[in-house]
Amino acid sequence: MIKNIIFDIGGVLFDYNSKTYLDKIDISENKRKILNDIIFHNTKWRDCLNGIIDNNELIKYLTNFNPEYREEIEEILKEENLKYMLPPKQEVIDYYKKLKEKGYKLYLCSNITNSTYNYIKDNFNIIQEADGGVFSCFENISKPNSEIYYKLIEKYKINVNESLFIDDTKKNVEMARQIGFYVILFEDIEHIEDKLNNKV
């Protein structure tokens, strides 16, 4: 019987797609592809997710190595633009709250920068309503590394045999499955309902 549900944030409770976000910024299409690679496919972006460097240090590093794109990098990584990078999936957020009302214990396990964590905490009642969570920016490790899953399990004494892990990234879901969680590669709310109704 499922008692605990662990949610990812970006891609499940919030939309997250770096390419879609860059499409909203006033930058030429050709530059957007280059900047997507420069920023989001850089080891320093992973360092920012893992809390090793902060957003300002990321900007400084990227602009030092790509001075010709300084203006664009600064614009893309502005903290006030996070609302465009992570639009809420209101229907899923409402469902998340209903699951809490039904008596499920809710946890979060997310690869997230410190800036994004603060933005979500300040503007949405997601983190506050959870029974707990682990976040890459505080744990200095990110999914699919098994260590972050075990930190969640140990910190909240979670029984994986009573827990459903929901993520939109296949490799993260596969690691959760290996550890023993019931899992869902997130598609929609109906998918979750089917799993819960069928007792997974």
# chains A, B, ... in the order shown; residues from 1 in each chain; ligands from 1
$ residues_around --residues "region 76-87 of chain A" --least-positions-apart "4" --cutoff "10 Å" --atoms "only C-alpha atoms" --output "ChimeraX atom specification"
/A:9-11,13-22,24-27,35-36,39,55-56,58-59,71-72,115-116,119-120,123
$ write_last_selection --atoms "N, CA and C atoms" --output "mmCIF file, in the first residue's frame"
data_model
loop_
_atom_site.group_PDB
_atom_site.id
_atom_site.type_symbol
_atom_site.label_atom_id
_atom_site.label_comp_id
_atom_site.auth_asym_id
_atom_site.auth_seq_id
_atom_site.Cartn_x
_atom_site.Cartn_y
_atom_site.Cartn_z
ATOM 1 N N ILE A 9 10.394 18.327 -8.937
ATOM 2 C CA ILE A 9 9.792 19.662 -9.111
ATOM 3 C C ILE A 9 9.758 20.050 -10.588
ATOM 4 N N GLY A 10 10.929 20.326 -11.176
ATOM 5 C CA GLY A 10 10.972 20.758 -12.569
ATOM 6 C C GLY A 10 10.600 19.640 -13.522
ATOM 7 N N GLY A 11 9.548 19.865 -14.318
ATOM 8 C CA GLY A 11 9.082 18.842 -15.246
ATOM 9 C C GLY A 11 7.880 18.088 -14.725
ATOM 10 N N LEU A 13 5.886 19.290 -11.206
ATOM 11 C CA LEU A 13 5.044 20.336 -10.610
ATOM 12 C C LEU A 13 5.175 21.665 -11.349
ATOM 13 N N PHE A 14 6.310 21.845 -12.002
ATOM 14 C CA PHE A 14 6.566 23.055 -12.795
ATOM 15 C C PHE A 14 7.084 22.624 -14.155
ATOM 16 N N ASP A 15 6.769 23.409 -15.174
ATOM 17 C CA ASP A 15 7.353 23.156 -16.484
ATOM 18 C C ASP A 15 8.821 23.543 -16.429
ATOM 19 N N TYR A 16 9.652 22.750 -17.060
ATOM 20 C CA TYR A 16 11.055 23.175 -17.177
ATOM 21 C C TYR A 16 11.624 22.634 -18.466
ATOM 22 N N ASN A 17 12.039 23.551 -19.297
ATOM 23 C CA ASN A 17 12.702 23.199 -20.544
ATOM 24 C C ASN A 17 13.551 24.399 -20.937
ATOM 25 N N SER A 18 14.853 24.238 -20.890
ATOM 26 C CA SER A 18 15.734 25.383 -21.138
ATOM 27 C C SER A 18 15.527 25.967 -22.534
ATOM 28 N N LYS A 19 15.268 25.105 -23.527
ATOM 29 C CA LYS A 19 15.068 25.594 -24.888
ATOM 30 C C LYS A 19 13.786 26.435 -24.984
ATOM 31 N N THR A 20 12.703 25.942 -24.376
ATOM 32 C CA THR A 20 11.441 26.683 -24.392
ATOM 33 C C THR A 20 11.608 28.034 -23.706
ATOM 34 N N TYR A 21 12.345 28.032 -22.599
ATOM 35 C CA TYR A 21 12.601 29.279 -21.878
ATOM 36 C C TYR A 21 13.368 30.268 -22.759
ATOM 37 N N LEU A 22 14.404 29.790 -23.417
ATOM 38 C CA LEU A 22 15.213 30.683 -24.256
ATOM 39 C C LEU A 22 14.406 31.224 -25.431
ATOM 40 N N LYS A 24 11.586 32.374 -25.250
ATOM 41 C CA LYS A 24 10.832 33.535 -24.763
ATOM 42 C C LYS A 24 11.706 34.781 -24.611
ATOM 43 N N ILE A 25 13.012 34.583 -24.616
ATOM 44 C CA ILE A 25 13.932 35.706 -24.443
ATOM 45 C C ILE A 25 14.191 36.346 -25.800
ATOM 46 N N ASP A 26 14.336 37.652 -25.791
ATOM 47 C CA ASP A 26 14.528 38.396 -27.044
ATOM 48 C C ASP A 26 15.961 38.249 -27.550
ATOM 49 N N ILE A 27 16.240 37.049 -28.076
ATOM 50 C CA ILE A 27 17.565 36.719 -28.606
ATOM 51 C C ILE A 27 17.347 35.968 -29.909
ATOM 52 N N LEU A 35 23.668 29.609 -26.844
ATOM 53 C CA LEU A 35 23.578 29.940 -25.425
ATOM 54 C C LEU A 35 23.023 28.778 -24.605
ATOM 55 N N ASN A 36 22.144 28.010 -25.189
ATOM 56 C CA ASN A 36 21.639 26.815 -24.503
ATOM 57 C C ASN A 36 22.795 25.869 -24.180
ATOM 58 N N ILE A 39 25.296 27.566 -21.474
ATOM 59 C CA ILE A 39 24.806 27.648 -20.093
ATOM 60 C C ILE A 39 24.393 26.296 -19.538
ATOM 61 N N ASN A 55 24.435 31.425 -8.198
ATOM 62 C CA ASN A 55 24.042 31.960 -9.505
ATOM 63 C C ASN A 55 25.004 33.048 -9.986
ATOM 64 N N ASN A 56 25.427 33.913 -9.085
ATOM 65 C CA ASN A 56 26.339 35.001 -9.462
ATOM 66 C C ASN A 56 27.697 34.462 -9.900
ATOM 67 N N LEU A 58 28.157 31.536 -11.215
ATOM 68 C CA LEU A 58 27.919 30.908 -12.521
ATOM 69 C C LEU A 58 27.973 31.956 -13.624
ATOM 70 N N ILE A 59 27.308 33.073 -13.416
ATOM 71 C CA ILE A 59 27.313 34.162 -14.405
ATOM 72 C C ILE A 59 28.746 34.646 -14.649
ATOM 73 N N GLU A 71 26.069 40.016 -22.209
ATOM 74 C CA GLU A 71 24.734 40.608 -22.013
ATOM 75 C C GLU A 71 23.645 39.533 -21.989
ATOM 76 N N GLU A 72 23.724 38.622 -22.952
ATOM 77 C CA GLU A 72 22.703 37.575 -23.065
ATOM 78 C C GLU A 72 22.739 36.614 -21.870
ATOM 79 N N SER A 115 18.803 29.537 -6.004
ATOM 80 C CA SER A 115 17.924 30.640 -6.433
ATOM 81 C C SER A 115 16.534 30.128 -6.766
ATOM 82 N N THR A 116 16.469 28.991 -7.465
ATOM 83 C CA THR A 116 15.178 28.425 -7.838
ATOM 84 C C THR A 116 14.429 27.919 -6.616
ATOM 85 N N TYR A 119 12.949 30.933 -4.960
ATOM 86 C CA TYR A 119 11.834 31.455 -5.762
ATOM 87 C C TYR A 119 10.563 30.643 -5.523
ATOM 88 N N ILE A 120 10.687 29.318 -5.555
ATOM 89 C CA ILE A 120 9.523 28.460 -5.359
ATOM 90 C C ILE A 120 9.002 28.574 -3.924
ATOM 91 N N ASN A 123 7.103 31.913 -3.474
ATOM 92 C CA ASN A 123 5.949 32.209 -4.321
ATOM 93 C C ASN A 123 4.896 31.111 -4.403
#
$ select_by_dssp --residues "region 76-181 of chain A" --states "strand (DSSP E)" --output "PyMOL selection string"
chain A and resi 105-110+132-135+163-167
$ residues_around --residues "Cys48 (chain A)" --least-positions-apart "3" --cutoff "12 Å" --atoms "only C-alpha atoms" --output "MDAnalysis selection string"
chainID A and resid 39:40 42:45 51:59 61:62 77 111:117 135:142
$ atom_distance --atom1 "CA of Glu187 (chain A)" --atom2 "CA of Glu174 (chain A)"
15.4 Å
$ atom_distance --atom1 "CA of Tyr182 (chain A)" --atom2 "CA of Glu162 (chain A)"
8.0 Å
$ atom_distance --atom1 "CA of Gln178 (chain A)" --atom2 "CA of Asn145 (chain A)"
11.7 Å
$ select_by_dssp --residues "region 27-177 of chain A" --states "alpha helix (DSSP H)" --output "MDAnalysis selection string"
chainID A and resid 29:40 43:49 55:65 70:76 82:85 90:101 114:123 136:139 146:156 170:177
$ residues_around --residues "Gly103 (chain A)" --least-positions-apart "6" --cutoff "12 Å" --atoms "only C-alpha atoms" --output "short mmCIF file (atom, residue, chain, number, x, y, z; two decimals) with N, CA and C atoms, in the first residue's frame"
data_model
loop_
_atom_site.label_atom_id
_atom_site.label_comp_id
_atom_site.auth_asym_id
_atom_site.auth_seq_id
_atom_site.Cartn_x
_atom_site.Cartn_y
_atom_site.Cartn_z
N ILE A 2 0.57 2.17 -0.90
CA ILE A 2 1.36 3.40 -1.00
C ILE A 2 0.96 4.37 0.10
N LYS A 3 1.96 4.81 0.87
CA LYS A 3 1.74 5.80 1.92
C LYS A 3 2.49 7.10 1.64
N ASN A 4 3.59 6.99 0.89
CA ASN A 4 4.46 8.14 0.61
C ASN A 4 4.57 8.37 -0.89
N ILE A 5 4.51 9.64 -1.29
CA ILE A 5 4.69 9.98 -2.71
C ILE A 5 5.79 11.03 -2.80
N TYR A 96 -1.43 17.70 -6.24
CA TYR A 96 -0.43 17.46 -5.17
C TYR A 96 -1.04 17.80 -3.81
N LYS A 97 -1.75 18.93 -3.74
CA LYS A 97 -2.39 19.35 -2.49
C LYS A 97 -3.55 18.42 -2.11
N ALA A 130 5.05 20.08 1.91
CA ALA A 130 5.66 18.75 1.88
C ALA A 130 6.01 18.29 3.29
N ASP A 131 6.07 16.99 3.47
CA ASP A 131 6.50 16.43 4.75
C ASP A 131 8.02 16.39 4.86
#
$ residues_around --residues "Pro144 (chain A)" --least-positions-apart "4" --cutoff "8 Å" --atoms "only C-alpha atoms" --output "PyMOL selection string"
chain A and resi 148+171-172+175
$ closest_residue --among "A:Leu106, A:Leu164, A:Val173, A:Val134" --to "Lys195 (chain A)" --atoms "only C-alpha atoms"
A:Leu164
$ closest_residue --among "A:Lys143, A:Glu101, A:Ile34, A:Phe186" --to "Tyr69 (chain A)" --atoms "only C-alpha atoms"
A:Ile34
$ closest_atom_pairs --of "region 146-185 of chain A" --to "region 107-110 of chain A" --cutoff "9 Å" --atoms "only C-alpha atoms" --output "tab-separated table"
residue	atom	partner	partner_atom	distance
A:Ile148	CA	A:Cys109	CA	8.1
A:Tyr149	CA	A:Cys109	CA	7.8
A:Leu152	CA	A:Cys109	CA	7.6
A:Phe165	CA	A:Cys109	CA	8.9
A:Asp167	CA	A:Cys109	CA	8.9
$ closest_residue --among "A:Asp194, A:Asp47, A:Val183, A:Ser146" --to "Val160 (chain A)" --atoms "only C-alpha atoms"
A:Val183
